[in-house]
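See below for the structure under consideration.
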Amino acid sequence: MIKFWVTYTRDEQPTTREIQLEVEDRALSCDIVMRALGKFLNPSEQWPFAVDPTDCLDSASLDVRAVRLQRSSGARRYLKITSLSYRPEGTVLQFSC
């Protein structure tokens with residue numbers, strides 16, 4: 001299990017919230033974090049987006065980057081959030097999605 005902190009702002013709430021979540025995945029990616037946040041915000045709904053276990057590589061083609069950006073934007077709209085970042089437990093680094 002991986003524990004991490006998620007900081008997010010919802011469209012209808014101007015304040016930023018921070019919560020701790022955990023997943024059974026072996027690594028974290030923005031897709032995994034958004035799916036976990038989706039389960040937290042809407043526990044009765046199944047996550048409707050593909051989940052890639054790794055974030056986009058620096059060497060990814062423009063086509064791959066465009067698909068990932070479109071999926072990430074769609075997930076943020078679905079969750080009604082304007083900003084999202086996460087920090088794995090035990091680190092000080094914050095990753096933005």
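Residues are referred to by chain and number: the chain letter is A, B, ... according to the order shown in the structure tokens, the number counts from 1 in that chain, and ligands are numbered separately from 1 in the order shown.
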
### Query
So which bits of chain A end up strand (DSSP E or B) when you DSSP the backbone, as a PyMOL selection string?
chain A and resi 2-10+16-23+81-88+95-96

### Message
I'd like the contact shell of range 2-5 of chain A - 10 Å cut-off, only C-alpha atoms, skipping same-chain residues fewer than 5 positions apart - returned as a list in words.
### Response
Glu18, Ile19, Gln20, Leu21, Glu22, Val23, Glu24, Asp25, Arg26, Ala27, Leu28, Val33, Ser85, Tyr86, Arg87, Pro88, Glu89, Gly90, Thr91 and Gln94 of chain A

### Query
If you run DSSP on this backbone, which residues of chain A come out as helix (DSSP H, G or I), and could you give them as an MDAnalysis selection string?
chainID A and resid 30:41 62:79

Could those residues be written to a file, using N, CA and C atoms, as a PDB file, in the first residue's frame?
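Contents of again-v7.pdb, freshly written:
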ATOM      1  N   CYS A  30      -0.220  10.448 -11.853  1.00  0.00           N
ATOM      2  CA  CYS A  30      -1.373  11.349 -11.785  1.00  0.00           C
ATOM      3  C   CYS A  30      -2.674  10.585 -12.016  1.00  0.00           C
ATOM      4  N   ASP A  31      -2.677   9.627 -12.926  1.00  0.00           N
ATOM      5  CA  ASP A  31      -3.884   8.836 -13.177  1.00  0.00           C
ATOM      6  C   ASP A  31      -4.320   8.074 -11.928  1.00  0.00           C
ATOM      7  N   ILE A  32      -3.385   7.481 -11.230  1.00  0.00           N
ATOM      8  CA  ILE A  32      -3.685   6.716 -10.020  1.00  0.00           C
ATOM      9  C   ILE A  32      -4.191   7.652  -8.920  1.00  0.00           C
ATOM     10  N   VAL A  33      -3.565   8.808  -8.787  1.00  0.00           N
ATOM     11  CA  VAL A  33      -3.977   9.776  -7.775  1.00  0.00           C
ATOM     12  C   VAL A  33      -5.399  10.273  -8.071  1.00  0.00           C
ATOM     13  N   MET A  34      -5.676  10.599  -9.323  1.00  0.00           N
ATOM     14  CA  MET A  34      -7.022  11.081  -9.675  1.00  0.00           C
ATOM     15  C   MET A  34      -8.076  10.001  -9.454  1.00  0.00           C
ATOM     16  N   ARG A  35      -7.749   8.756  -9.774  1.00  0.00           N
ATOM     17  CA  ARG A  35      -8.696   7.667  -9.537  1.00  0.00           C
ATOM     18  C   ARG A  35      -8.976   7.527  -8.038  1.00  0.00           C
ATOM     19  N   ALA A  36      -7.936   7.609  -7.214  1.00  0.00           N
ATOM     20  CA  ALA A  36      -8.112   7.507  -5.762  1.00  0.00           C
ATOM     21  C   ALA A  36      -8.944   8.674  -5.230  1.00  0.00           C
ATOM     22  N   LEU A  37      -8.687   9.867  -5.731  1.00  0.00           N
ATOM     23  CA  LEU A  37      -9.479  11.024  -5.315  1.00  0.00           C
ATOM     24  C   LEU A  37     -10.924  10.867  -5.773  1.00  0.00           C
ATOM     25  N   GLY A  38     -11.112  10.325  -6.977  1.00  0.00           N
ATOM     26  CA  GLY A  38     -12.466  10.069  -7.468  1.00  0.00           C
ATOM     27  C   GLY A  38     -13.225   9.112  -6.565  1.00  0.00           C
ATOM     28  N   LYS A  39     -12.546   8.063  -6.082  1.00  0.00           N
ATOM     29  CA  LYS A  39     -13.181   7.120  -5.143  1.00  0.00           C
ATOM     30  C   LYS A  39     -13.544   7.805  -3.837  1.00  0.00           C
ATOM     31  N   PHE A  40     -12.684   8.720  -3.398  1.00  0.00           N
ATOM     32  CA  PHE A  40     -12.945   9.449  -2.160  1.00  0.00           C
ATOM     33  C   PHE A  40     -14.134  10.399  -2.331  1.00  0.00           C
ATOM     34  N   LEU A  41     -14.160  11.147  -3.435  1.00  0.00           N
ATOM     35  CA  LEU A  41     -15.219  12.139  -3.645  1.00  0.00           C
ATOM     36  C   LEU A  41     -16.545  11.511  -4.061  1.00  0.00           C
ATOM     37  N   LEU A  62       4.643  13.630 -29.176  1.00  0.00           N
ATOM     38  CA  LEU A  62       3.609  14.653 -29.027  1.00  0.00           C
ATOM     39  C   LEU A  62       2.219  14.030 -29.008  1.00  0.00           C
ATOM     40  N   ASP A  63       2.017  12.963 -29.780  1.00  0.00           N
ATOM     41  CA  ASP A  63       0.719  12.279 -29.791  1.00  0.00           C
ATOM     42  C   ASP A  63       0.391  11.685 -28.429  1.00  0.00           C
ATOM     43  N   VAL A  64       1.371  11.036 -27.822  1.00  0.00           N
ATOM     44  CA  VAL A  64       1.169  10.438 -26.498  1.00  0.00           C
ATOM     45  C   VAL A  64       0.891  11.530 -25.474  1.00  0.00           C
ATOM     46  N   ARG A  65       1.647  12.611 -25.544  1.00  0.00           N
ATOM     47  CA  ARG A  65       1.449  13.729 -24.620  1.00  0.00           C
ATOM     48  C   ARG A  65       0.050  14.336 -24.778  1.00  0.00           C
ATOM     49  N   ALA A  66      -0.412  14.471 -26.013  1.00  0.00           N
ATOM     50  CA  ALA A  66      -1.733  15.045 -26.261  1.00  0.00           C
ATOM     51  C   ALA A  66      -2.838  14.166 -25.681  1.00  0.00           C
ATOM     52  N   VAL A  67      -2.718  12.861 -25.844  1.00  0.00           N
ATOM     53  CA  VAL A  67      -3.708  11.927 -25.298  1.00  0.00           C
ATOM     54  C   VAL A  67      -3.719  12.008 -23.783  1.00  0.00           C
ATOM     55  N   ARG A  68      -2.543  12.010 -23.175  1.00  0.00           N
ATOM     56  CA  ARG A  68      -2.465  12.085 -21.708  1.00  0.00           C
ATOM     57  C   ARG A  68      -3.038  13.401 -21.194  1.00  0.00           C
ATOM     58  N   LEU A  69      -2.740  14.500 -21.874  1.00  0.00           N
ATOM     59  CA  LEU A  69      -3.254  15.803 -21.464  1.00  0.00           C
ATOM     60  C   LEU A  69      -4.775  15.846 -21.577  1.00  0.00           C
ATOM     61  N   GLN A  70      -5.305  15.302 -22.660  1.00  0.00           N
ATOM     62  CA  GLN A  70      -6.756  15.280 -22.849  1.00  0.00           C
ATOM     63  C   GLN A  70      -7.432  14.434 -21.757  1.00  0.00           C
ATOM     64  N   ARG A  71      -6.864  13.283 -21.453  1.00  0.00           N
ATOM     65  CA  ARG A  71      -7.425  12.419 -20.418  1.00  0.00           C
ATOM     66  C   ARG A  71      -7.351  13.090 -19.045  1.00  0.00           C
ATOM     67  N   SER A  72      -6.230  13.705 -18.745  1.00  0.00           N
ATOM     68  CA  SER A  72      -6.053  14.395 -17.469  1.00  0.00           C
ATOM     69  C   SER A  72      -7.026  15.572 -17.338  1.00  0.00           C
ATOM     70  N   SER A  73      -7.191  16.325 -18.406  1.00  0.00           N
ATOM     71  CA  SER A  73      -8.142  17.451 -18.393  1.00  0.00           C
ATOM     72  C   SER A  73      -9.565  16.953 -18.200  1.00  0.00           C
ATOM     73  N   GLY A  74      -9.914  15.865 -18.873  1.00  0.00           N
ATOM     74  CA  GLY A  74     -11.243  15.278 -18.719  1.00  0.00           C
ATOM     75  C   GLY A  74     -11.482  14.789 -17.299  1.00  0.00           C
ATOM     76  N   ALA A  75     -10.471  14.193 -16.689  1.00  0.00           N
ATOM     77  CA  ALA A  75     -10.602  13.702 -15.318  1.00  0.00           C
ATOM     78  C   ALA A  75     -10.785  14.866 -14.350  1.00  0.00           C
ATOM     79  N   ARG A  76     -10.052  15.952 -14.551  1.00  0.00           N
ATOM     80  CA  ARG A  76     -10.222  17.123 -13.680  1.00  0.00           C
ATOM     81  C   ARG A  76     -11.620  17.721 -13.833  1.00  0.00           C
ATOM     82  N   ARG A  77     -12.125  17.780 -15.061  1.00  0.00           N
ATOM     83  CA  ARG A  77     -13.496  18.275 -15.267  1.00  0.00           C
ATOM     84  C   ARG A  77     -14.507  17.350 -14.605  1.00  0.00           C
ATOM     85  N   TYR A  78     -14.315  16.051 -14.739  1.00  0.00           N
ATOM     86  CA  TYR A  78     -15.203  15.053 -14.142  1.00  0.00           C
ATOM     87  C   TYR A  78     -15.241  15.205 -12.617  1.00  0.00           C
ATOM     88  N   LEU A  79     -14.080  15.436 -12.009  1.00  0.00           N
ATOM     89  CA  LEU A  79     -13.995  15.609 -10.561  1.00  0.00           C
ATOM     90  C   LEU A  79     -14.357  17.030 -10.117  1.00  0.00           C
TER      91      LEU A  79
END

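Here CA of Asp55 in chain A is placed at a distance of 15.4 Å from CA of Leu93 in chain A.
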
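Going from CA of Asp52 in chain A over to CA of Thr9 in chain A, you cover 22.9 Å.
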
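Minimum atom-to-atom distances from A:Cys97, A:Val92, A:Ala60, A:Ala50 to Tyr8 in chain A were compared using only C-alpha atoms, and the lowest value belongs to A:Cys97.
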
### Query
Which neighbours of Arg10 in chain A fall inside 9 Å, counting only C-alpha atoms, when residues of the same chain fewer than 2 positions from it are skipped, and could you give them as a list in words?
Tyr8, Glu12, Gln13, Pro14, Thr15, Thr16, Arg17, Leu79, Lys80, Ile81, Thr82 and Ser83 of chain A

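For the pair CA of Ser59 in chain A and CA of Thr7 in chain A, the separation is 27.7 Å.
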
### Query
Counting only C-alpha atoms, which of A:Leu57, A:Leu84, A:Phe95, A:Asn42 gets nearest to Asp11 in chain A?
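Once distances to Asp11 in chain A are computed over only C-alpha atoms, the minimum belongs to A:Leu84.
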